[in-house]
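K.L.:
run37.cif is reproduced in full below (mmCIF, C-alpha atoms and all ligand atoms).
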data_protein
loop_
_atom_site.label_atom_id
_atom_site.label_comp_id
_atom_site.auth_asym_id
_atom_site.auth_seq_id
_atom_site.Cartn_x
_atom_site.Cartn_y
_atom_site.Cartn_z
CA MET Z 85 -2.14 -22.95 54.95
CA ILE Z 86 -1.62 -25.36 52.01
CA LEU Z 87 -5.31 -25.19 51.18
CA LYS Z 88 -5.15 -21.37 51.21
CA SER Z 89 -2.21 -21.42 48.76
CA ILE Z 90 -4.00 -23.87 46.45
CA ILE Z 91 -7.11 -21.69 46.43
CA SER Z 92 -5.18 -18.49 45.70
CA CYS Z 93 -3.23 -20.31 42.97
CA PHE Z 94 -6.52 -21.51 41.45
CA ILE Z 95 -7.94 -17.97 41.53
CA CYS Z 96 -4.79 -16.57 39.85
CA LEU Z 97 -4.96 -19.18 37.09
CA THR Z 98 -8.66 -18.51 36.51
CA ILE Z 99 -8.00 -14.78 36.16
CA LEU Z 100 -5.03 -15.44 33.85
CA PHE Z 101 -7.03 -17.70 31.52
CA ALA Z 102 -10.00 -15.34 31.54
CA GLU Z 103 -7.76 -12.43 30.48
CA ALA Z 104 -5.52 -14.29 27.99
CA LYS Z 105 -6.54 -13.44 24.45
CA PRO Z 106 -6.13 -16.05 21.71
CA PRO Z 107 -2.96 -15.37 19.67
CA LYS Z 108 -3.51 -13.31 16.53
CA PRO Z 109 -3.35 -15.19 13.23
CA THR Z 110 -0.30 -15.18 10.99
CA ILE Z 111 -0.72 -12.88 8.01
CA LEU Z 112 0.87 -13.60 4.65
CA VAL Z 113 1.93 -10.32 3.05
CA THR Z 114 2.77 -10.47 -0.66
CA GLY Z 115 4.98 -7.63 -1.90
CA GLY Z 116 5.84 -6.87 1.72
CA GLY Z 117 9.29 -5.53 0.84
CA GLY Z 118 7.74 -2.59 -1.04
CA TYR Z 119 6.60 0.86 0.00
CA ILE Z 120 3.05 0.24 1.26
CA GLY Z 121 3.75 -3.33 2.40
CA SER Z 122 6.68 -2.41 4.67
CA HIS Z 123 4.75 0.39 6.40
CA THR Z 124 1.71 -1.85 6.86
CA ILE Z 125 3.87 -4.59 8.39
CA VAL Z 126 5.06 -2.15 11.07
CA GLU Z 127 1.43 -1.53 12.07
CA LEU Z 128 0.64 -5.26 12.01
CA LEU Z 129 3.66 -6.22 14.12
CA ASN Z 130 2.87 -3.47 16.59
CA ASP Z 131 -0.60 -4.99 16.86
CA SER Z 132 0.88 -8.44 17.63
CA TYR Z 133 0.26 -10.18 14.31
CA SER Z 134 2.94 -12.59 13.06
CA ILE Z 135 4.09 -11.90 9.54
CA VAL Z 136 5.27 -14.02 6.62
CA VAL Z 137 6.37 -12.04 3.56
CA LEU Z 138 6.61 -13.13 -0.08
CA ASP Z 139 8.44 -10.85 -2.47
CA ASN Z 140 10.41 -11.49 -5.67
CA LEU Z 141 12.60 -8.40 -5.06
CA SER Z 142 11.61 -6.94 -8.44
CA ASN Z 143 11.00 -3.53 -6.87
CA CYS Z 144 12.70 -3.57 -3.50
CA TYR Z 145 16.35 -3.52 -2.64
CA ALA Z 146 18.10 -6.46 -0.99
CA PHE Z 147 21.86 -6.85 -0.67
CA ASN Z 148 21.53 -10.19 -2.46
CA ALA Z 149 18.80 -12.64 -3.47
CA THR Z 150 19.10 -14.71 -0.31
CA GLU Z 151 18.81 -11.78 2.08
CA LYS Z 152 15.79 -9.94 3.41
CA PRO Z 153 15.03 -6.66 1.66
CA GLU Z 154 16.63 -3.73 3.46
CA SER Z 155 13.14 -2.29 4.11
CA LEU Z 156 12.23 -5.38 6.17
CA LYS Z 157 15.51 -5.32 8.10
CA ARG Z 158 14.60 -1.80 9.11
CA VAL Z 159 11.03 -2.82 9.97
CA GLU Z 160 12.53 -5.41 12.34
CA LYS Z 161 14.76 -2.75 13.86
CA LEU Z 162 11.81 -0.40 14.31
CA THR Z 163 9.52 -2.94 15.92
CA ASN Z 164 12.05 -5.24 17.56
CA LYS Z 165 10.15 -8.14 16.02
CA ASN Z 166 10.93 -10.76 13.43
CA VAL Z 167 9.57 -10.96 9.88
CA VAL Z 168 9.76 -14.27 8.00
CA PHE Z 169 10.86 -13.60 4.43
CA ASN Z 170 10.57 -15.78 1.31
CA ASN Z 171 12.02 -14.72 -2.03
CA ILE Z 172 9.12 -16.07 -4.10
CA ASP Z 173 7.18 -14.91 -7.13
CA ILE Z 174 3.40 -14.98 -6.76
CA ARG Z 175 3.19 -16.74 -10.14
CA ASP Z 176 5.21 -19.69 -8.81
CA GLU Z 177 2.42 -22.10 -7.89
CA LYS Z 178 4.61 -24.77 -6.26
CA SER Z 179 6.49 -22.37 -3.99
CA LEU Z 180 3.24 -20.68 -2.99
CA ASP Z 181 1.74 -24.02 -2.04
CA LYS Z 182 4.81 -24.80 0.07
CA VAL Z 183 4.42 -21.52 1.96
CA PHE Z 184 0.77 -22.28 2.76
CA LYS Z 185 1.74 -25.77 3.90
CA THR Z 186 4.64 -24.51 6.05
CA TYR Z 187 2.93 -21.69 7.92
CA LYS Z 188 -0.53 -21.58 9.37
CA ILE Z 189 -1.80 -18.55 7.46
CA GLY Z 190 -4.98 -16.86 8.70
CA ALA Z 191 -5.33 -14.22 5.96
CA VAL Z 192 -3.44 -12.70 3.03
CA ILE Z 193 -2.75 -9.04 2.33
CA HIS Z 194 -1.84 -8.88 -1.33
CA PHE Z 195 0.35 -5.93 -2.33
CA ALA Z 196 2.60 -7.60 -4.91
CA ALA Z 197 2.16 -5.95 -8.31
CA LEU Z 198 3.94 -3.90 -10.93
CA LYS Z 199 2.75 -0.32 -10.53
CA SER Z 200 4.21 2.03 -13.12
CA VAL Z 201 1.48 3.53 -15.29
CA SER Z 202 3.89 4.55 -18.06
CA GLU Z 203 5.74 1.22 -18.09
CA SER Z 204 2.40 -0.59 -18.31
CA THR Z 205 1.62 1.15 -21.62
CA ARG Z 206 4.90 -0.21 -23.01
CA LYS Z 207 4.67 -3.69 -21.43
CA PRO Z 208 0.95 -4.47 -21.12
CA VAL Z 209 1.36 -8.25 -21.32
CA GLU Z 210 3.93 -8.23 -18.52
CA TYR Z 211 1.54 -6.20 -16.38
CA TYR Z 212 -1.43 -8.48 -16.99
CA ASP Z 213 0.76 -11.52 -16.35
CA ASN Z 214 2.20 -10.19 -13.09
CA ASN Z 215 -0.85 -8.44 -11.70
CA VAL Z 216 -3.83 -10.40 -13.03
CA ALA Z 217 -2.46 -13.90 -13.68
CA GLY Z 218 -0.25 -13.58 -10.56
CA THR Z 219 -3.29 -12.86 -8.39
CA ASN Z 220 -5.13 -15.77 -10.00
CA THR Z 221 -2.29 -18.12 -9.08
CA LEU Z 222 -2.26 -16.75 -5.54
CA ILE Z 223 -5.98 -17.25 -5.02
CA GLN Z 224 -5.76 -20.77 -6.43
CA ALA Z 225 -3.07 -21.60 -3.88
CA MET Z 226 -5.21 -20.01 -1.16
CA GLN Z 227 -8.23 -22.01 -2.28
CA ASN Z 228 -6.25 -25.28 -2.32
CA ASN Z 229 -5.08 -24.60 1.22
CA LYS Z 230 -8.46 -23.37 2.49
CA VAL Z 231 -7.23 -19.86 3.27
CA LYS Z 232 -10.14 -17.71 2.15
CA LYS Z 233 -9.56 -14.28 3.64
CA LEU Z 234 -7.95 -11.67 1.43
CA ILE Z 235 -7.23 -7.94 1.43
CA TYR Z 236 -6.41 -6.68 -2.05
CA SER Z 237 -4.47 -3.49 -2.89
CA SER Z 238 -6.63 -1.79 -5.45
CA SER Z 239 -6.51 1.76 -6.70
CA ALA Z 240 -8.63 4.80 -7.41
CA THR Z 241 -7.65 4.27 -11.07
CA VAL Z 242 -10.45 1.67 -11.30
CA TYR Z 243 -12.95 4.59 -11.32
CA GLY Z 244 -11.53 5.98 -14.58
CA ASN Z 245 -12.43 9.60 -15.37
CA PRO Z 246 -14.71 10.70 -12.49
CA GLN Z 247 -18.38 11.16 -13.43
CA TYR Z 248 -18.85 12.95 -10.10
CA LEU Z 249 -16.78 13.95 -7.09
CA PRO Z 250 -15.99 12.98 -4.42
CA LEU Z 251 -15.69 9.39 -5.63
CA THR Z 252 -17.85 6.95 -3.71
CA GLU Z 253 -17.42 3.19 -3.88
CA ASN Z 254 -20.64 3.04 -5.97
CA HIS Z 255 -19.08 5.09 -8.76
CA PRO Z 256 -18.90 2.95 -11.93
CA THR Z 257 -15.58 1.17 -12.38
CA GLY Z 258 -13.80 -0.07 -15.46
CA GLN Z 259 -14.87 2.76 -17.77
CA ASN Z 260 -12.37 5.13 -19.42
CA ILE Z 261 -9.36 3.67 -17.63
CA THR Z 262 -6.45 5.13 -19.55
CA ASN Z 263 -3.74 2.49 -19.07
CA PRO Z 264 -3.06 -1.27 -18.67
CA TYR Z 265 -1.95 -0.85 -15.03
CA GLY Z 266 -5.35 0.58 -14.09
CA ARG Z 267 -7.13 -2.11 -16.10
CA SER Z 268 -5.06 -4.82 -14.37
CA LYS Z 269 -6.43 -3.54 -11.04
CA TYR Z 270 -9.98 -3.44 -12.44
CA PHE Z 271 -9.82 -6.94 -13.98
CA THR Z 272 -8.46 -8.35 -10.72
CA GLU Z 273 -11.27 -6.76 -8.75
CA GLU Z 274 -13.77 -8.42 -11.10
CA ILE Z 275 -12.09 -11.83 -10.67
CA LEU Z 276 -12.24 -11.46 -6.90
CA LYS Z 277 -15.93 -10.47 -7.02
CA ASP Z 278 -16.69 -13.54 -9.16
CA LEU Z 279 -14.79 -15.73 -6.72
CA SER Z 280 -16.82 -14.45 -3.78
CA TYR Z 281 -20.11 -15.01 -5.68
CA ALA Z 282 -19.03 -18.57 -6.51
CA ASP Z 283 -17.86 -19.55 -3.03
CA SER Z 284 -19.51 -17.87 -0.07
CA GLN Z 285 -16.68 -18.89 2.26
CA TRP Z 286 -14.43 -16.27 0.70
CA LYS Z 287 -14.11 -12.95 2.53
CA ILE Z 288 -12.45 -10.26 0.44
CA ILE Z 289 -11.82 -6.57 1.00
CA LEU Z 290 -10.76 -4.39 -1.92
CA LEU Z 291 -8.93 -1.31 -0.68
CA ARG Z 292 -8.93 1.46 -3.29
CA TYR Z 293 -5.99 3.69 -2.46
CA PHE Z 294 -5.81 7.29 -3.57
CA ASN Z 295 -2.30 8.87 -3.61
CA PRO Z 296 -0.08 7.39 -0.86
CA VAL Z 297 2.80 9.67 0.13
CA GLY Z 298 5.05 10.28 3.16
CA ALA Z 299 7.17 7.95 5.21
CA HIS Z 300 7.44 6.48 8.69
CA PRO Z 301 8.16 9.38 11.10
CA SER Z 302 11.38 7.65 12.24
CA GLY Z 303 12.85 8.28 8.78
CA LEU Z 304 13.94 4.62 8.70
CA ILE Z 305 11.54 3.42 6.01
CA GLY Z 306 10.00 5.26 3.09
CA GLU Z 307 9.39 5.19 -0.65
CA ASP Z 308 12.41 4.11 -2.66
CA PRO Z 309 11.55 4.16 -6.37
CA THR Z 310 13.94 2.46 -8.76
CA GLY Z 311 15.37 4.85 -11.34
CA ILE Z 312 13.61 8.08 -12.22
CA PRO Z 313 10.45 8.47 -10.10
CA ASN Z 314 7.14 8.55 -11.96
CA ASN Z 315 5.17 9.92 -9.04
CA LEU Z 316 5.05 13.49 -7.87
CA MET Z 317 6.18 13.25 -4.23
CA PRO Z 318 9.36 11.18 -4.70
CA TYR Z 319 10.34 13.33 -7.69
CA LEU Z 320 9.74 16.50 -5.69
CA SER Z 321 11.84 15.31 -2.76
CA GLN Z 322 14.69 14.25 -5.04
CA VAL Z 323 14.69 17.77 -6.52
CA ALA Z 324 14.79 19.21 -2.98
CA ILE Z 325 17.79 17.05 -2.02
CA GLY Z 326 19.59 18.00 -5.26
CA ARG Z 327 19.44 14.58 -6.92
CA ARG Z 328 17.32 15.96 -9.80
CA ASP Z 329 17.57 19.41 -11.32
CA HIS Z 330 13.93 20.43 -11.53
CA LEU Z 331 10.38 19.14 -11.38
CA LYS Z 332 8.25 19.06 -14.50
CA ILE Z 333 4.69 20.04 -13.69
CA PHE Z 334 2.50 18.25 -16.19
CA GLY Z 335 0.00 20.91 -17.25
CA SER Z 336 -1.30 24.15 -15.74
CA ASP Z 337 -4.47 24.42 -17.81
CA TYR Z 338 -6.69 21.97 -15.96
CA PRO Z 339 -10.09 23.21 -14.73
CA THR Z 340 -8.74 23.41 -11.14
CA PRO Z 341 -8.17 26.46 -8.88
CA ASP Z 342 -4.52 26.92 -9.96
CA GLY Z 343 -4.64 24.94 -13.23
CA THR Z 344 -2.50 22.03 -11.96
CA GLY Z 345 -3.83 18.52 -11.23
CA VAL Z 346 -5.64 17.91 -7.95
CA ARG Z 347 -5.20 14.66 -6.00
CA ASP Z 348 -6.19 13.11 -2.69
CA PHE Z 349 -2.78 12.60 -1.05
CA ILE Z 350 -2.89 10.22 1.90
CA HIS Z 351 -0.15 9.71 4.49
CA ILE Z 352 1.35 6.21 4.31
CA ILE Z 353 0.83 5.65 8.04
CA ASP Z 354 -2.88 6.41 7.70
CA LEU Z 355 -3.02 4.04 4.74
CA ALA Z 356 -1.19 1.35 6.73
CA SER Z 357 -3.58 1.71 9.68
CA GLY Z 358 -6.47 1.36 7.22
CA HIS Z 359 -5.21 -2.17 6.54
CA LEU Z 360 -5.30 -2.98 10.21
CA ARG Z 361 -8.93 -1.88 10.37
CA ALA Z 362 -9.76 -3.82 7.22
CA LEU Z 363 -8.16 -6.92 8.73
CA LYS Z 364 -10.29 -6.54 11.83
CA LYS Z 365 -13.37 -6.35 9.60
CA LEU Z 366 -12.26 -9.40 7.61
CA MET Z 367 -11.91 -11.42 10.83
CA ASP Z 368 -15.40 -10.42 11.95
CA PRO Z 369 -17.57 -13.59 11.69
CA GLU Z 370 -20.44 -11.41 10.42
CA PHE Z 371 -18.46 -10.16 7.43
CA ARG Z 372 -19.42 -11.75 4.10
CA GLY Z 373 -18.48 -11.56 0.43
CA CYS Z 374 -16.36 -9.00 -1.35
CA LYS Z 375 -16.48 -5.33 -0.37
CA ALA Z 376 -14.62 -2.26 -1.63
CA TYR Z 377 -13.49 0.68 0.52
CA ASN Z 378 -11.83 3.94 -0.48
CA LEU Z 379 -8.73 4.85 1.51
CA GLY Z 380 -8.31 8.58 0.99
CA THR Z 381 -8.64 11.77 3.01
CA GLY Z 382 -11.56 13.28 1.09
CA LYS Z 383 -9.52 16.43 0.38
CA GLY Z 384 -7.88 17.41 -2.87
CA TYR Z 385 -4.57 19.31 -3.10
CA SER Z 386 -3.01 20.58 -6.30
CA VAL Z 387 0.49 19.87 -7.57
CA LEU Z 388 1.42 23.46 -6.75
CA ASP Z 389 -0.04 23.15 -3.22
CA LEU Z 390 2.29 20.21 -2.64
CA VAL Z 391 5.29 22.04 -4.10
CA LYS Z 392 4.68 25.08 -1.85
CA THR Z 393 4.15 22.99 1.28
CA PHE Z 394 7.29 20.99 0.56
CA GLU Z 395 9.28 24.22 0.14
CA LYS Z 396 7.92 25.45 3.50
CA VAL Z 397 8.76 22.33 5.50
CA SER Z 398 12.13 21.64 3.87
CA GLY Z 399 13.33 25.22 3.65
CA ARG Z 400 14.55 24.35 0.13
CA ARG Z 401 13.52 25.94 -3.14
CA ILE Z 402 11.95 23.54 -5.61
CA ASN Z 403 12.81 24.45 -9.19
CA TYR Z 404 10.01 23.57 -11.52
CA GLN Z 405 8.96 23.98 -15.11
CA ILE Z 406 5.42 23.82 -16.44
CA THR Z 407 5.23 21.38 -19.35
CA ASP Z 408 2.48 19.76 -21.39
CA ARG Z 409 -0.09 17.53 -19.73
CA ARG Z 410 0.97 13.92 -19.22
CA ARG Z 411 -1.03 11.53 -21.42
CA GLY Z 412 -3.84 9.84 -19.53
CA ASP Z 413 -3.73 12.20 -16.50
CA LEU Z 414 -7.00 13.35 -14.97
CA ALA Z 415 -7.78 16.86 -13.71
CA THR Z 416 -9.18 16.15 -10.25
CA VAL Z 417 -9.48 12.96 -8.22
CA TYR Z 418 -10.49 12.70 -4.58
CA ALA Z 419 -12.30 10.21 -2.40
CA ASP Z 420 -15.42 10.06 -0.36
CA PRO Z 421 -13.94 8.19 2.63
CA ASN Z 422 -17.20 7.95 4.61
CA LEU Z 423 -17.84 4.26 4.04
CA ALA Z 424 -14.47 3.33 5.57
CA GLU Z 425 -15.20 5.64 8.48
CA LYS Z 426 -18.62 4.08 9.06
CA GLU Z 427 -17.77 0.40 8.55
CA LEU Z 428 -14.04 0.10 9.26
CA LYS Z 429 -13.99 2.84 11.96
CA TRP Z 430 -11.05 4.35 10.12
CA ARG Z 431 -10.28 7.91 9.12
CA ALA Z 432 -7.11 9.55 7.80
CA GLU Z 433 -5.64 11.85 10.44
CA ARG Z 434 -2.49 13.32 8.94
CA TYR Z 435 -2.33 16.50 6.90
CA ILE Z 436 -0.32 17.61 3.90
CA GLU Z 437 2.36 19.30 6.12
CA GLN Z 438 3.08 16.01 7.89
CA MET Z 439 3.15 14.16 4.56
CA CYS Z 440 5.86 16.56 3.35
CA GLU Z 441 7.77 16.64 6.68
CA ASP Z 442 8.00 12.85 6.90
CA THR Z 443 8.98 12.50 3.24
CA TRP Z 444 11.69 15.09 3.74
CA ARG Z 445 13.07 13.39 6.88
CA TRP Z 446 13.24 10.05 5.02
CA GLN Z 447 14.89 11.75 2.01
CA MET Z 448 17.48 13.57 4.14
CA GLN Z 449 18.39 10.50 6.17
CA ASN Z 450 18.48 8.30 3.06
CA PRO Z 451 19.53 10.46 0.10
CA ASN Z 452 19.88 7.34 -2.06
CA GLY Z 453 16.99 5.41 -0.61
CA TYR Z 454 17.92 1.99 0.75
CA HIS Z 455 21.07 1.87 -1.39
CA THR Z 456 24.32 2.95 0.09
CA ASP Z 457 25.91 4.21 -3.10
CA GLU Z 458 24.43 6.67 -5.50
CA GLU Z 459 25.16 4.89 -8.77
CA GLU Z 460 23.09 1.82 -7.96
CA SER Z 461 19.95 3.75 -7.04
CA ASN Z 462 19.84 6.04 -10.08
P1 LIG H 501 6.07 -1.39 -4.51
O1 LIG H 501 6.57 -1.62 -5.87
O2 LIG H 501 6.86 -0.54 -3.59
O3 LIG H 501 5.82 -2.80 -3.78
C1 LIG H 501 5.38 -3.93 -4.47
C2 LIG H 501 6.27 -5.10 -4.06
O4 LIG H 501 5.80 -6.27 -4.75
C3 LIG H 501 7.73 -4.91 -4.46
O5 LIG H 501 8.56 -5.15 -3.33
C4 LIG H 501 7.98 -5.96 -5.54
O6 LIG H 501 9.29 -6.48 -5.48
C5 LIG H 501 6.92 -7.00 -5.22
N1 LIG H 501 6.44 -7.76 -6.39
C6 LIG H 501 6.04 -7.30 -7.59
N2 LIG H 501 5.66 -8.32 -8.38
C7 LIG H 501 5.82 -9.46 -7.66
C8 LIG H 501 5.62 -10.83 -7.93
N3 LIG H 501 5.19 -11.25 -9.12
N4 LIG H 501 5.88 -11.73 -6.95
C9 LIG H 501 6.33 -11.33 -5.74
N5 LIG H 501 6.57 -10.03 -5.44
C10 LIG H 501 6.31 -9.11 -6.38
O7 LIG H 501 4.58 -0.83 -4.63
P2 LIG H 501 3.66 -0.15 -3.53
O8 LIG H 501 3.61 1.30 -3.80
O9 LIG H 501 4.03 -0.64 -2.20
O10 LIG H 501 2.26 -0.75 -3.98
C11 LIG H 501 1.70 -1.88 -3.35
C12 LIG H 501 0.37 -2.20 -3.99
O11 LIG H 501 -0.49 -1.07 -3.90
C13 LIG H 501 0.42 -2.54 -5.48
O12 LIG H 501 -0.50 -3.57 -5.72
C14 LIG H 501 0.00 -1.27 -6.16
O13 LIG H 501 -0.60 -1.53 -7.40
C15 LIG H 501 -1.03 -0.74 -5.17
N6 LIG H 501 -1.22 0.71 -5.24
C16 LIG H 501 -0.13 1.54 -5.09
C17 LIG H 501 -0.31 2.92 -5.18
C18 LIG H 501 0.87 3.86 -5.02
O14 LIG H 501 0.76 5.02 -5.43
N7 LIG H 501 1.99 3.45 -4.45
C19 LIG H 501 -1.59 3.45 -5.43
C20 LIG H 501 -2.66 2.58 -5.58
C21 LIG H 501 -2.46 1.21 -5.49
N1 LIG H 502 2.89 15.17 -11.65
C1 LIG H 502 3.70 16.18 -12.11
N2 LIG H 502 5.02 15.94 -12.27
C2 LIG H 502 5.59 14.73 -12.00
C3 LIG H 502 4.75 13.70 -11.52
C4 LIG H 502 3.41 13.94 -11.37
O1 LIG H 502 3.23 17.29 -12.36
O2 LIG H 502 6.82 14.56 -12.18
C5 LIG H 502 1.46 15.43 -11.43
C6 LIG H 502 0.52 14.55 -12.26
O3 LIG H 502 0.29 15.18 -13.50
C7 LIG H 502 -0.72 14.49 -11.36
C8 LIG H 502 -0.16 14.56 -9.95
O4 LIG H 502 1.16 15.09 -10.07
O5 LIG H 502 -1.52 15.63 -11.58
C9 LIG H 502 -0.05 13.20 -9.27
O6 LIG H 502 0.66 12.33 -10.13
P1 LIG H 502 1.26 10.93 -9.63
O7 LIG H 502 1.98 10.30 -10.78
O8 LIG H 502 2.03 11.14 -8.39
O9 LIG H 502 -0.04 10.10 -9.24
P2 LIG H 502 -1.33 9.70 -10.11
O10 LIG H 502 -2.46 10.51 -9.56
O11 LIG H 502 -1.05 9.97 -11.55
O12 LIG H 502 -1.48 8.26 -9.82
#
Would it be possible to restate this file's structure as structure tokens?
Ligand code: NAD
Ligand code: UDP
P.N.:
Amino acid sequence: MILKSIISCFICLTILFAEAKPPKPTILVTGGGGYIGSHTIVELLNDSYSIVVLDNLSNCYAFNATEKPESLKRVEKLTNKNVVFNNIDIRDEKSLDKVFKTYKIGAVIHFAALKSVSESTRKPVEYYDNNVAGTNTLIQAMQNNKVKKLIYSSSATVYGNPQYLPLTENHPTGQNITNPYGRSKYFTEEILKDLSYADSQWKIILLRYFNPVGAHPSGLIGEDPTGIPNNLMPYLSQVAIGRRDHLKIFGSDYPTPDGTGVRDFIHIIDLASGHLRALKKLMDPEFRGCKAYNLGTGKGYSVLDLVKTFEKVSGRRINYQITDRRRGDLATVYADPNLAEKELKWRAERYIEQMCEDTWRWQMQNPNGYHTDEEESN
């Protein structure tokens, strides 16, 4: 009898150990309080990664400097999991080093950056300092602590004015970029490529995002721009909710079907799941060097397409006025997403209707974003 129990116990333990997977590594997410970071963290937590966030709160709302950003509190509510938060600037070498020494970090997803195109033309040095020098400090801290796996948030702006469409990853980069923000992304890509040539232990994925829009379908987290939005979707939804009077459409004389600019809008949840796939690739022992992938849908929609779809899903009229072109804007930009499909096994699945529906739900449930009173968020 005793022998029988011991044998069955032994069999159970063998099965248990055979099935137990090693725990997933802890991921350091810089800029995790922001729009793309917070949505990506939901996907990572749901896939059993542990998360440590660094953010200096420069573009995400927290009740005070010692508290977690509101976005991350909601991420915890959504996933029922904990996020470790550190109010740290990526340019603060000592604090970065402490983070790497405190937590056993397996890889870094680096979102932290300033991202306003127009502000970057007024404050170029600040942009290069934050985005380029900041990344340099981060990779030095990684190097010192032997963490050599990195996913970098890049942008379609690195392609400049398209020489052909759809944009493939082989399209030249760094030419005709019209603003310091775009150049900060390009320069950083070049630094990361040089790093991977110099030290073959580094594994780096550059994700070139097209136009992220939408929100988590729960309506709990979404895009919460500070002040007047620069981007189309948040501006549009603030007009729909009555927070802004009308949308200015920047130009109707582009060589596009309806004369307004055409972009590759991608749902934020698709973008977030692209990071999960990229992380899987990065952890693959076969993966080497530094590789760029487009994260886009491969389809272009015009500004007017988005306005009409938003009107349909919200049932609200969007007042708009056609104005002059915005300086530096391009006529048409859309991705060839085939490389990500082939190598990351990732493809965007959500359409423009869902992008508008989820934005509208977030906007209705949070008319002032993460702030509770209107004055603060304007
Ligand atoms: P976001 O502003 O919502 O998030 C960025 C976060 O980084 C913010 O919470 C901010 O407080 C933090 N941050 C900024 N500088 C920091 C610093 N020096 N130290 C620590 N934290 C800092 O922006 P997002 O839309 O989530 O963009 C994330 C990344 O994706 C950025 O690198 C951006 O350039 C890139 N990207 C964004 C878009 C887009 O349209 N949203 C498109 C292409 C690329
Ligand atoms: N756009 C617009 N009005 C706005 C904001 C943007 O007409 O208030 C247009 C812009 O000219 C471009 C498209 O919307 O054709 C997407 O602009 P956005 O700033 O959202 O992203 P970009 O592609 O410039 O990074």
K.L.:
What's around Leu388 (chain Z) at 10 Å? Count only C-alpha atoms, leave out sequence neighbours fewer than 6 positions away in its own chain, and write the answer as a compact mmCIF listing (two decimals) with C-alpha atoms, in the frame of the given file.
P.N.:
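Result file is result09.txt:
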# COMPACT_ATOMS: atom_id res chain seq x y z
CA ILE Z 333 4.69 20.04 -13.69
CA SER Z 336 -1.30 24.15 -15.74
CA ASP Z 342 -4.52 26.92 -9.96
CA GLY Z 343 -4.64 24.94 -13.23
CA THR Z 344 -2.50 22.03 -11.96
CA GLY Z 345 -3.83 18.52 -11.23
CA VAL Z 346 -5.64 17.91 -7.95
CA PHE Z 394 7.29 20.99 0.56
CA TYR Z 404 10.01 23.57 -11.52
K.L.:
Which residues are close to Glu307 (chain Z), i.e. within 9 Å by only C-alpha atoms, leaving aside same-chain residues fewer than 6 positions away? Reply as a list in words.
P.N.:
Gly118, Tyr119, Ile120, Val297, Gly298, Ala299, Pro318, Thr443, Trp446, Gln447 and Gly453 of chain Z
K.L.:
Let me see if you get this right: every residue at most 9 Å from ligand LIG 501 (chain H), counting only C-alpha atoms and all ligand atoms, written as a PyMOL selection string.
P.N.:
chain Z and resi 114-123+138-145+153+171-176+194-200+213-215+218-219+236-241+265-266+268-269+291-297+307-310+315
K.L.:
Selection from above, C-alpha atoms, as a short mmCIF file (atom, residue, chain, number, x, y, z; two decimals), keeping the file's coordinate frame, can you write it?
P.N.:
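The resulting file, again_13.cif, is shown below:
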data_model
loop_
_atom_site.label_atom_id
_atom_site.label_comp_id
_atom_site.auth_asym_id
_atom_site.auth_seq_id
_atom_site.Cartn_x
_atom_site.Cartn_y
_atom_site.Cartn_z
CA THR Z 114 2.77 -10.47 -0.66
CA GLY Z 115 4.98 -7.63 -1.90
CA GLY Z 116 5.84 -6.87 1.72
CA GLY Z 117 9.29 -5.53 0.84
CA GLY Z 118 7.74 -2.59 -1.04
CA TYR Z 119 6.60 0.86 0.00
CA ILE Z 120 3.05 0.24 1.26
CA GLY Z 121 3.75 -3.33 2.40
CA SER Z 122 6.68 -2.41 4.67
CA HIS Z 123 4.75 0.39 6.40
CA LEU Z 138 6.61 -13.13 -0.08
CA ASP Z 139 8.44 -10.85 -2.47
CA ASN Z 140 10.41 -11.49 -5.67
CA LEU Z 141 12.60 -8.40 -5.06
CA SER Z 142 11.61 -6.94 -8.44
CA ASN Z 143 11.00 -3.53 -6.87
CA CYS Z 144 12.70 -3.57 -3.50
CA TYR Z 145 16.35 -3.52 -2.64
CA PRO Z 153 15.03 -6.66 1.66
CA ASN Z 171 12.02 -14.72 -2.03
CA ILE Z 172 9.12 -16.07 -4.10
CA ASP Z 173 7.18 -14.91 -7.13
CA ILE Z 174 3.40 -14.98 -6.76
CA ARG Z 175 3.19 -16.74 -10.14
CA ASP Z 176 5.21 -19.69 -8.81
CA HIS Z 194 -1.84 -8.88 -1.33
CA PHE Z 195 0.35 -5.93 -2.33
CA ALA Z 196 2.60 -7.60 -4.91
CA ALA Z 197 2.16 -5.95 -8.31
CA LEU Z 198 3.94 -3.90 -10.93
CA LYS Z 199 2.75 -0.32 -10.53
CA SER Z 200 4.21 2.03 -13.12
CA ASP Z 213 0.76 -11.52 -16.35
CA ASN Z 214 2.20 -10.19 -13.09
CA ASN Z 215 -0.85 -8.44 -11.70
CA GLY Z 218 -0.25 -13.58 -10.56
CA THR Z 219 -3.29 -12.86 -8.39
CA TYR Z 236 -6.41 -6.68 -2.05
CA SER Z 237 -4.47 -3.49 -2.89
CA SER Z 238 -6.63 -1.79 -5.45
CA SER Z 239 -6.51 1.76 -6.70
CA ALA Z 240 -8.63 4.80 -7.41
CA THR Z 241 -7.65 4.27 -11.07
CA TYR Z 265 -1.95 -0.85 -15.03
CA GLY Z 266 -5.35 0.58 -14.09
CA SER Z 268 -5.06 -4.82 -14.37
CA LYS Z 269 -6.43 -3.54 -11.04
CA LEU Z 291 -8.93 -1.31 -0.68
CA ARG Z 292 -8.93 1.46 -3.29
CA TYR Z 293 -5.99 3.69 -2.46
CA PHE Z 294 -5.81 7.29 -3.57
CA ASN Z 295 -2.30 8.87 -3.61
CA PRO Z 296 -0.08 7.39 -0.86
CA VAL Z 297 2.80 9.67 0.13
CA GLU Z 307 9.39 5.19 -0.65
CA ASP Z 308 12.41 4.11 -2.66
CA PRO Z 309 11.55 4.16 -6.37
CA THR Z 310 13.94 2.46 -8.76
CA ASN Z 315 5.17 9.92 -9.04
#
